[in-house]
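Read through the structure below, which is laid out as structure tokens, and then see the notes.
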Amino acid sequence: MLTRDIRVFTVTLTLTIICLTWLAIPTGVLAQRHTVSGTITDAESGEVLIGANVYVVSLELGAATNAYGFYSLTIPEADSLALIVSYVGYHPQVKSLSLRDDITLDVQMERTVSLMNELTVTGQREEARAAIRQTRMSVVDVPVRMIEDLPAILGEQDVLKVIQLLPGIQAGQEGTTGIYVRGGNIDQNLVQLDEATVYNPNHLFGLFSTFNSSAINNVSVVKGGFPAQYGGRLSSVIEIAMRDGNKRHYEAEGGIGLLTSKLSIEGPITRDRGSFIVSARRSYVDLVAKPFQPSTNRNTYYFYDLNGKVNHAVSRRDRIFLSFFQGRDVAEYVDASGVGYGIRFGNSAATLRWNRIMSSRLFSNVSLIRNKYFLRISTVQGAFHSLNYSGIEDLTAKSEFQFIASPRHEIRFGAVLTHHEFSSTGAEGGVVKEFVVPAFDESNILPRPSTESALYLNDRWEISERVGLNVGVRVPHFAADGARYTRVEPRFSARLGITPAGAAKASYTVMHQFVHSVPSTTASLPTDIWIPSSEIVKPQRSEQIAAGYTHLLNDGALEGSLEFYYKWMHNQVLFKQGTQLLEYANIDEELTRGKGWSYGAELMLQKHRGRMAGWASYTLSWTNQRFPELNRGETFPFRYDRRHNLALTSSFDVNDRWTLAANFIFTSGTAFTLPTGRLYAAQGGDLYAGLFYDYDRLNNYRMRAYHRLDVSATRSFNPKWFRESSMIISVYNLYSRLNPYYVFLELDLNTGSPVGKQVSLLPVMPSVSFNFKI
């Protein structure tokens with residue numbers, strides 16, 4: 001099975017190279033047109049700038065840099081042209097040139113450190129207009145600066161917490177980084193770090209994400225209108241690009257907070273040709289709390305993550321990248337009575353990439369990726385113990401080509417092949433020595449291998465200033481356990497310019513998901529298990545239509561957008577009620593299948609320039625599910641169906657030393673299940689005697705509305721012993737709103753009736769942290 005898919009991948013790659021070599025041959029049609037191409041980088045560090053804009057005002061034509069900082073702009077021959085190069089947070093530049101032949105123009109940009117001048121305003125205006133001219137929709141590029149400025153729990157900056165503030169994206173439980181996009185489940189988000197899949201991007205049971213903000217270069221969120229290069233999940237793609245490291249000089253950056261500390265070291269391997277970065281973070285609650293723990297208890301928790309990346313320019317046209325990541329969480333609790341639990345989980349990944357500029361209009365990337373995720377949970381109660389294990393390991397080969405025929409026409413196509421190995425099992429037993437559960441020998445777990453591959457082609461064609469199309473197709477194939485699935489996924493997006501400052505957009509996408517994370521509906525600990533599709537478990541499928549309008553206000557300083565969407569989701573899976581994962585269990589037969597659908601409207605207003613930046617987002621949505629074997633086959637609301645979701649974020653540069661920031665969040669209450677009746681059975685001391693509750697419907701109650709206000713103040717310093725430093729004072733949940741975490745029933749001793757009791761998790765939480773660069 002794997003050999004056949006490798007053969008298909010090899011043949012496809014060969015044909016792709018032949019076709020693109022033919023496309024790269026100049027033709028007479030373009031005899032009087034020439035190409036300006038190059039890379040755009042940070043002048044101080046040499047880091048590439050992703051999404052920077054190059055624009056020819058006189059021709060109203062432009063291009064944006066790709067994920068590796070490369071751009072290509074094919075325009076008519078001219079004696080004199082003015083190019084404006086712009087990027088958020090940097091001084092725009094104007095380049096004058098005479099275009100009589102293809103030329104290479106690399107641009108180094110300097111960060112903005114002073115008040116805006118006329119050129120800065122012009123560059124940012126053109127950048128905002130370039131966004132309007134793009135056909136893509138339902139895509140948000142998250143500003144890295146906002147990740148650093150916005151207040152966070154215990155001062156720990158978090159990219160996933162910022163993503164939760166975007167329209168169409170719901171947060172999970174109080175304080176967690178779980179995200180639910182347009183009615184989808186948490187496993188329907190493809191989270192990638194330098195192209196490597198991260199199956200569980202969380203620390204501390206979701207309180208923090210596993211991504212160290214010091215190592216991040218760019219973050220992009222796609223929640224609809226997916227181009228053909230994206231696949232494998234139903235709801236969203238979150239692309240996180242790691243920094244390459246400073247190519248000019250050595251530097252270190254660190255931070256000390258109440259819960260964690262972090263340190264990054266970077267510098268050139270060969271000046272302007274290669275660089276490295278190593279970044280590490282660790283919590284130290286276990287070290288602080290250890291002296292205060294009773295000797296009869298065993299209680300510890302810590303997490304860490306480690307990022308690294310090296311890159312080297314082999315030639316003017318070739319560059320090699322190697323990046324790696326590892327994150328771990330370890331939690332253990334056992335008291336004197338022998339009741340306790342142990343949790344270990346983690347991600348690891350490595351990515352090897354080769355970029356080649358094959359011509360001024362043809363760019364290629366070949367990647368080899370390996371990633372692994374595991375979750376081990378053990379529980380001990382008296383003389384008994386149980387153990388659950390779930391793991392997944394991937395090996396991926398990927399090749400992609402980007403052919404830029406003209407500033408208005410780009411073709412992207414490629415192939416990807418992934419070999420999965422799933423491992424999941426469980427066991428229970430009797431007495432364990434010193435309450436320590438024996439570990440599984442992973443080599444004894446029989447893995448379930450599967451192969452997932454895909455071919456894709458995407459054509460972006462800006463037909464005119466007013467009309468643009470993005471048409472593509474993706475053909476995924478999946479094979480596992482004797483089952484084979486081949487699907488066709490059409491992708492379509494269109495743009496119609498209504499005014500020079502506004503455009504209407506629409507999209508239609510079909511997505512399939514061949515791997516599933518099945519959450520337990522009864523366990524209080526995180527026991528999600530990843531499994532492949534099979535003859536019993538069919539691939540998940542979604543269809544999504546979206547339409548919206550985007551408009552620039554105040555000469556491009558503000559951008560407003562309104563989108564409507566409807567999404568159908570088929571072959572959703574959940575465990576049957578009462579299922580326990582045991583070593584002998586056939587997981588596929590313990591699942592029940594159903595469908596879901598979500599629809600709503602998303603409104604967003606962003607401020608692009610000035611001393612104050614931020615956005616306001618509002619989502620109105622409905623999400624429902626129907627499973628024949630649950631809730632008597634009747635429709636019930638999704639757990640995270642929230643009618644209203646409002647987020648306000650802002651950061652304000654008071655001067656060159658002080659920055660103030662705040663965010664306010666309001667959401668409707670989540671759905672949950674409470675019994676509607678109870679029955680007391682007395683059987684003379686029988687095992688089944690006691691109080692039994694009657695559950696009438698799933699998710700039949702709503703928690704109270706959730707809202708909170710977070711604020712922060714950042715003070716920058718320039719001491720002699722640091723190149724830069726800052727102190728961040730933040731307050732999470734400023735007015736200490738007691739938001740619901742979960743609800744349980746308790747009998748009122750006076751009336752004998754059950755009464756719902758709310759448990760809240762995070763009250764007001766002030767924090768202070770110190771960051772530095774040397």
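We name chains A, B, ... following the order of the structure tokens; residues begin at 1 in each chain, and ligands are numbered from 1 as shown.
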Quiz item: Counting only C-alpha atoms, what is within 12 Å of Glu563 (chain A), bar same-chain residues fewer than 4 positions away, as number ranges by chain?
Solution: A: 137-139, 167-168, 182, 223-225, 503-507, 545-551, 599-605, 617-621
Identify, on the basis of only C-alpha atoms, every residue whose closest approach to Asn307 (chain A) does not exceed 6 Å; exclude the query and any residue fewer than 3 positions from it along the same chain; express the result as a PDB file with N, CA and C atoms, in the first residue's frame.
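Produced file part-v7.pdb, reproduced below:
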ATOM      1  N   VAL A 278      17.592  29.191  18.684  1.00  0.00           N
ATOM      2  CA  VAL A 278      17.187  28.177  19.659  1.00  0.00           C
ATOM      3  C   VAL A 278      16.396  28.894  20.739  1.00  0.00           C
ATOM      4  N   SER A 279      15.202  28.393  21.023  1.00  0.00           N
ATOM      5  CA  SER A 279      14.321  29.033  21.993  1.00  0.00           C
ATOM      6  C   SER A 279      13.759  27.981  22.938  1.00  0.00           C
ATOM      7  N   PHE A 324      13.080  22.209  14.263  1.00  0.00           N
ATOM      8  CA  PHE A 324      12.602  21.148  15.143  1.00  0.00           C
ATOM      9  C   PHE A 324      11.837  21.771  16.312  1.00  0.00           C
ATOM     10  N   PHE A 325      11.007  20.955  16.913  1.00  0.00           N
ATOM     11  CA  PHE A 325      10.175  21.399  18.043  1.00  0.00           C
ATOM     12  C   PHE A 325       9.896  20.213  18.946  1.00  0.00           C
TER      13      PHE A 325
END
Exercise. Determine which residues of region 111-277 of chain A receive a DSSP assignment of helix (DSSP H, G or I), computed from the backbone, and state them as a VMD selection string.
Key: chain A and resid 118 to 133 144 to 149 153 to 155 159 to 163 186 to 188 204 to 206 213 to 215
Give me, as a tab-separated table (two decimals) with N, CA, C and O atoms, in the first residue's frame, all polymer residues having an atom no more than 8 Å from Leu552 (chain A), counting only C-alpha atoms and skipping those fewer than 2 positions away in the same chain.
chain	number	residue	atom	x	y	z
A	128	ALA	N	-3.34	48.44	2.55
A	128	ALA	CA	-4.75	48.18	2.84
A	128	ALA	C	-5.53	47.94	1.55
A	128	ALA	O	-6.38	47.05	1.47
A	129	ARG	N	-5.23	48.73	0.51
A	129	ARG	CA	-5.93	48.55	-0.76
A	129	ARG	C	-5.56	47.23	-1.42
A	129	ARG	O	-6.38	46.62	-2.11
A	132	ILE	N	-7.83	44.57	-0.25
A	132	ILE	CA	-9.14	44.63	-0.89
A	132	ILE	C	-9.09	43.96	-2.26
A	132	ILE	O	-10.03	43.29	-2.69
A	501	ALA	N	-12.75	51.30	-2.96
A	501	ALA	CA	-12.43	50.98	-1.57
A	501	ALA	C	-13.21	49.79	-1.04
A	501	ALA	O	-13.09	49.46	0.14
A	502	GLY	N	-14.01	49.13	-1.88
A	502	GLY	CA	-14.83	48.03	-1.37
A	502	GLY	C	-15.01	46.93	-2.37
A	502	GLY	O	-15.01	47.16	-3.60
A	550	THR	N	-16.13	43.65	2.01
A	550	THR	CA	-15.04	44.31	2.71
A	550	THR	C	-14.90	45.73	2.20
A	550	THR	O	-14.97	45.97	0.99
A	554	ASN	N	-11.89	55.82	6.02
A	554	ASN	CA	-10.91	56.82	6.47
A	554	ASN	C	-9.58	56.67	5.72
A	554	ASN	O	-8.52	56.59	6.32
A	555	ASP	N	-9.68	56.60	4.38
A	555	ASP	CA	-8.52	56.52	3.52
A	555	ASP	C	-7.63	55.32	3.86
A	555	ASP	O	-6.40	55.39	3.82
A	556	GLY	N	-8.26	54.20	4.18
A	556	GLY	CA	-7.52	52.96	4.44
A	556	GLY	C	-7.07	52.76	5.86
A	556	GLY	O	-6.49	51.72	6.18
A	557	ALA	N	-7.35	53.72	6.75
A	557	ALA	CA	-6.93	53.55	8.14
A	557	ALA	C	-7.79	52.51	8.85
A	557	ALA	O	-7.33	51.86	9.79
A	558	LEU	N	-9.04	52.34	8.40
A	558	LEU	CA	-9.95	51.35	8.98
A	558	LEU	C	-10.39	50.38	7.90
A	558	LEU	O	-10.59	50.77	6.74
A	559	GLU	N	-10.56	49.13	8.28
A	559	GLU	CA	-11.09	48.11	7.36
A	559	GLU	C	-12.25	47.40	8.04
A	559	GLU	O	-12.11	46.86	9.14
A	560	GLY	N	-13.39	47.39	7.37
A	560	GLY	CA	-14.57	46.71	7.89
A	560	GLY	C	-14.96	45.56	6.99
A	560	GLY	O	-14.84	45.64	5.76
Exercise. For Phe627 (chain A), list every protein, DNA or RNA residue within 8 Å, evaluated using only C-alpha atoms, and leave out those in the same chain fewer than 3 positions away; present the list as a list in words.
Key: Thr592, Arg593, Gly594, Lys595, Leu630, Asn631, Gly633, Glu634 and Thr635 of chain A
At most 8 Å is the cut-off: for each residue in region 116-219 of chain A with any atom that close to an atom of region 489-500 of chain A, write down the nearest atom pair and the distance in Å rounded to one decimal, counting only C-alpha atoms, chain first then increasing number, as JSON lines.
{"residue": "A:Arg133", "atom": "CA", "partner": "A:Gly497", "partner_atom": "CA", "distance": 7.8}
{"residue": "A:Gln134", "atom": "CA", "partner": "A:Arg495", "partner_atom": "CA", "distance": 7.8}
{"residue": "A:Thr135", "atom": "CA", "partner": "A:Arg495", "partner_atom": "CA", "distance": 5.2}
{"residue": "A:Arg136", "atom": "CA", "partner": "A:Ser493", "partner_atom": "CA", "distance": 6.8}
{"residue": "A:Met137", "atom": "CA", "partner": "A:Ser493", "partner_atom": "CA", "distance": 7.7}
Quiz item: Between A:Gly346, A:Gly257, A:Pro151, A:Pro227, which one has atoms that come closest to Ala662 (chain A), using only C-alpha atoms?
Solution: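 Closest to Ala662 (chain A), using only C-alpha atoms: A:Pro151.
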Practice problem: For region 183-199 of chain A, list every protein, DNA or RNA residue within 7 Å, evaluated using only C-alpha atoms, and leave out those in the same chain fewer than 6 positions away; present the list as a PyMOL selection string. | Solution: chain A and resi 233-242+347+349+351+369+371+373+516-517+598+623
Quiz item: So which residues of region 647-748 of chain A fall under strand (DSSP E or B) by DSSP, listed as a PyMOL selection string?
Solution: chain A and resi 647-653+658-667+671-672+677-681+690-694+701-702+706-717+724-732+740-747
Practice problem: Compare A:Gly38, A:Gly155, A:Pro92, A:Pro719 by their minimum atom-to-atom distance to Gly255 (chain A), counting only C-alpha atoms, and give me the closest one. | Solution: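 Closest residue, counting only C-alpha atoms: A:Gly155.
Remark: for Ala661 (chain A), the closest of the candidate residues A:Leu375, A:Pro539, A:Leu150, A:Asp244 is A:Leu150 (distances computed over only C-alpha atoms).
For the pair CA of Arg609 (chain A) and CA of Phe717 (chain A), the separation is 24.1 Å.
Comparing A:Arg243, A:His34, A:Arg100, A:Arg642 by their smallest distance to Gly308 (chain A), the closest is A:Arg243 (using only C-alpha atoms).
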Quiz item: CA of Gly267 (chain A) and CA of Met727 (chain A) are how many Å apart?
Solution: 24.6 Å
Quiz item: Skipping near chain neighbours, those fewer than 2 positions away, what residues fall within 8 Å of Arg708 (chain A) using only C-alpha atoms, listed as a list in words?
Solution: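 Once the nearby chain positions are removed, what remains is Phe664, Ile665, Phe666, Tyr706, Asp710, Asn733, Leu734, Tyr735, Ser736 and Arg737 of chain A.
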Would you export the selected residues with all heavy atoms as a CSV table (one decimal), in the first residue's frame, please?
chain,number,residue,atom,x,y,z
A,664,PHE,N,-11.7,43.1,25.8
A,664,PHE,CA,-13.0,42.8,26.5
A,664,PHE,C,-13.7,41.7,25.7
A,664,PHE,O,-13.7,41.8,24.5
A,664,PHE,CB,-13.9,44.0,26.6
A,664,PHE,CG,-15.3,43.7,27.1
A,664,PHE,CD1,-15.5,43.5,28.5
A,664,PHE,CD2,-16.4,43.6,26.3
A,664,PHE,CE1,-16.7,43.2,29.0
A,664,PHE,CE2,-17.6,43.3,26.8
A,664,PHE,CZ,-17.8,43.1,28.1
A,665,ILE,N,-14.2,40.7,26.4
A,665,ILE,CA,-14.9,39.6,25.8
A,665,ILE,C,-16.2,39.4,26.4
A,665,ILE,O,-16.4,39.4,27.6
A,665,ILE,CB,-14.0,38.3,25.9
A,665,ILE,CG1,-12.6,38.5,25.3
A,665,ILE,CG2,-14.7,37.1,25.3
A,665,ILE,CD1,-11.7,37.4,25.6
A,666,PHE,N,-17.2,39.1,25.5
A,666,PHE,CA,-18.6,38.7,26.0
A,666,PHE,C,-19.1,37.6,25.0
A,666,PHE,O,-19.0,37.7,23.8
A,666,PHE,CB,-19.6,39.9,25.9
A,666,PHE,CG,-21.0,39.5,26.2
A,666,PHE,CD1,-21.4,39.6,27.5
A,666,PHE,CD2,-21.8,39.0,25.2
A,666,PHE,CE1,-22.7,39.2,27.8
A,666,PHE,CE2,-23.1,38.6,25.5
A,666,PHE,CZ,-23.6,38.7,26.9
A,706,TYR,N,-20.7,34.7,29.6
A,706,TYR,CA,-19.3,34.8,30.0
A,706,TYR,C,-18.8,36.2,29.5
A,706,TYR,O,-19.0,36.6,28.4
A,706,TYR,CB,-18.4,33.8,29.3
A,706,TYR,CG,-17.0,33.8,29.5
A,706,TYR,CD1,-16.4,33.0,30.4
A,706,TYR,CD2,-16.2,34.7,28.8
A,706,TYR,CE1,-15.0,33.1,30.7
A,706,TYR,CE2,-14.8,34.8,29.0
A,706,TYR,CZ,-14.2,34.0,30.0
A,706,TYR,OH,-12.9,34.0,30.2
A,710,ASP,N,-9.6,42.5,30.4
A,710,ASP,CA,-8.1,42.3,30.7
A,710,ASP,C,-7.4,43.6,30.3
A,710,ASP,O,-7.7,44.2,29.3
A,710,ASP,CB,-7.5,41.2,29.9
A,710,ASP,CG,-8.3,39.9,30.1
A,710,ASP,OD1,-8.9,39.7,31.1
A,710,ASP,OD2,-8.3,39.1,29.1
A,733,ASN,N,-9.0,39.4,33.9
A,733,ASN,CA,-10.3,39.5,34.6
A,733,ASN,C,-10.4,40.6,35.6
A,733,ASN,O,-10.5,40.4,36.8
A,733,ASN,CB,-10.7,38.1,35.2
A,733,ASN,CG,-12.1,38.0,35.5
A,733,ASN,OD1,-13.0,38.9,35.3
A,733,ASN,ND2,-12.5,36.9,36.1
A,734,LEU,N,-10.2,41.8,35.2
A,734,LEU,CA,-10.1,43.0,36.0
A,734,LEU,C,-11.1,43.1,37.1
A,734,LEU,O,-10.8,43.4,38.3
A,734,LEU,CB,-10.0,44.3,35.2
A,734,LEU,CG,-9.8,45.6,35.9
A,734,LEU,CD1,-8.5,45.6,36.6
A,734,LEU,CD2,-10.0,46.8,35.0
A,735,TYR,N,-12.4,43.0,36.8
A,735,TYR,CA,-13.5,43.1,37.8
A,735,TYR,C,-13.9,41.8,38.4
A,735,TYR,O,-15.0,41.6,39.0
A,735,TYR,CB,-14.7,43.8,37.2
A,735,TYR,CG,-15.2,43.3,35.9
A,735,TYR,CD1,-16.1,42.2,35.8
A,735,TYR,CD2,-14.8,43.9,34.7
A,735,TYR,CE1,-16.6,41.8,34.6
A,735,TYR,CE2,-15.4,43.4,33.5
A,735,TYR,CZ,-16.2,42.4,33.5
A,735,TYR,OH,-16.8,41.9,32.3
A,736,SER,N,-13.0,40.7,38.2
A,736,SER,CA,-13.2,39.4,38.9
A,736,SER,C,-14.5,38.8,38.7
A,736,SER,O,-15.2,38.4,39.6
A,736,SER,CB,-12.9,39.6,40.4
A,736,SER,OG,-12.6,38.3,41.0
A,737,ARG,N,-15.0,38.8,37.4
A,737,ARG,CA,-16.2,38.1,37.1
A,737,ARG,C,-16.1,36.6,37.3
A,737,ARG,O,-15.1,36.0,36.9
A,737,ARG,CB,-16.5,38.4,35.6
A,737,ARG,CG,-17.5,37.4,34.9
A,737,ARG,CD,-18.9,37.7,35.3
A,737,ARG,NE,-19.8,36.9,34.5
A,737,ARG,CZ,-21.1,36.8,34.6
A,737,ARG,NH1,-21.7,37.7,35.5
A,737,ARG,NH2,-21.9,36.1,33.9
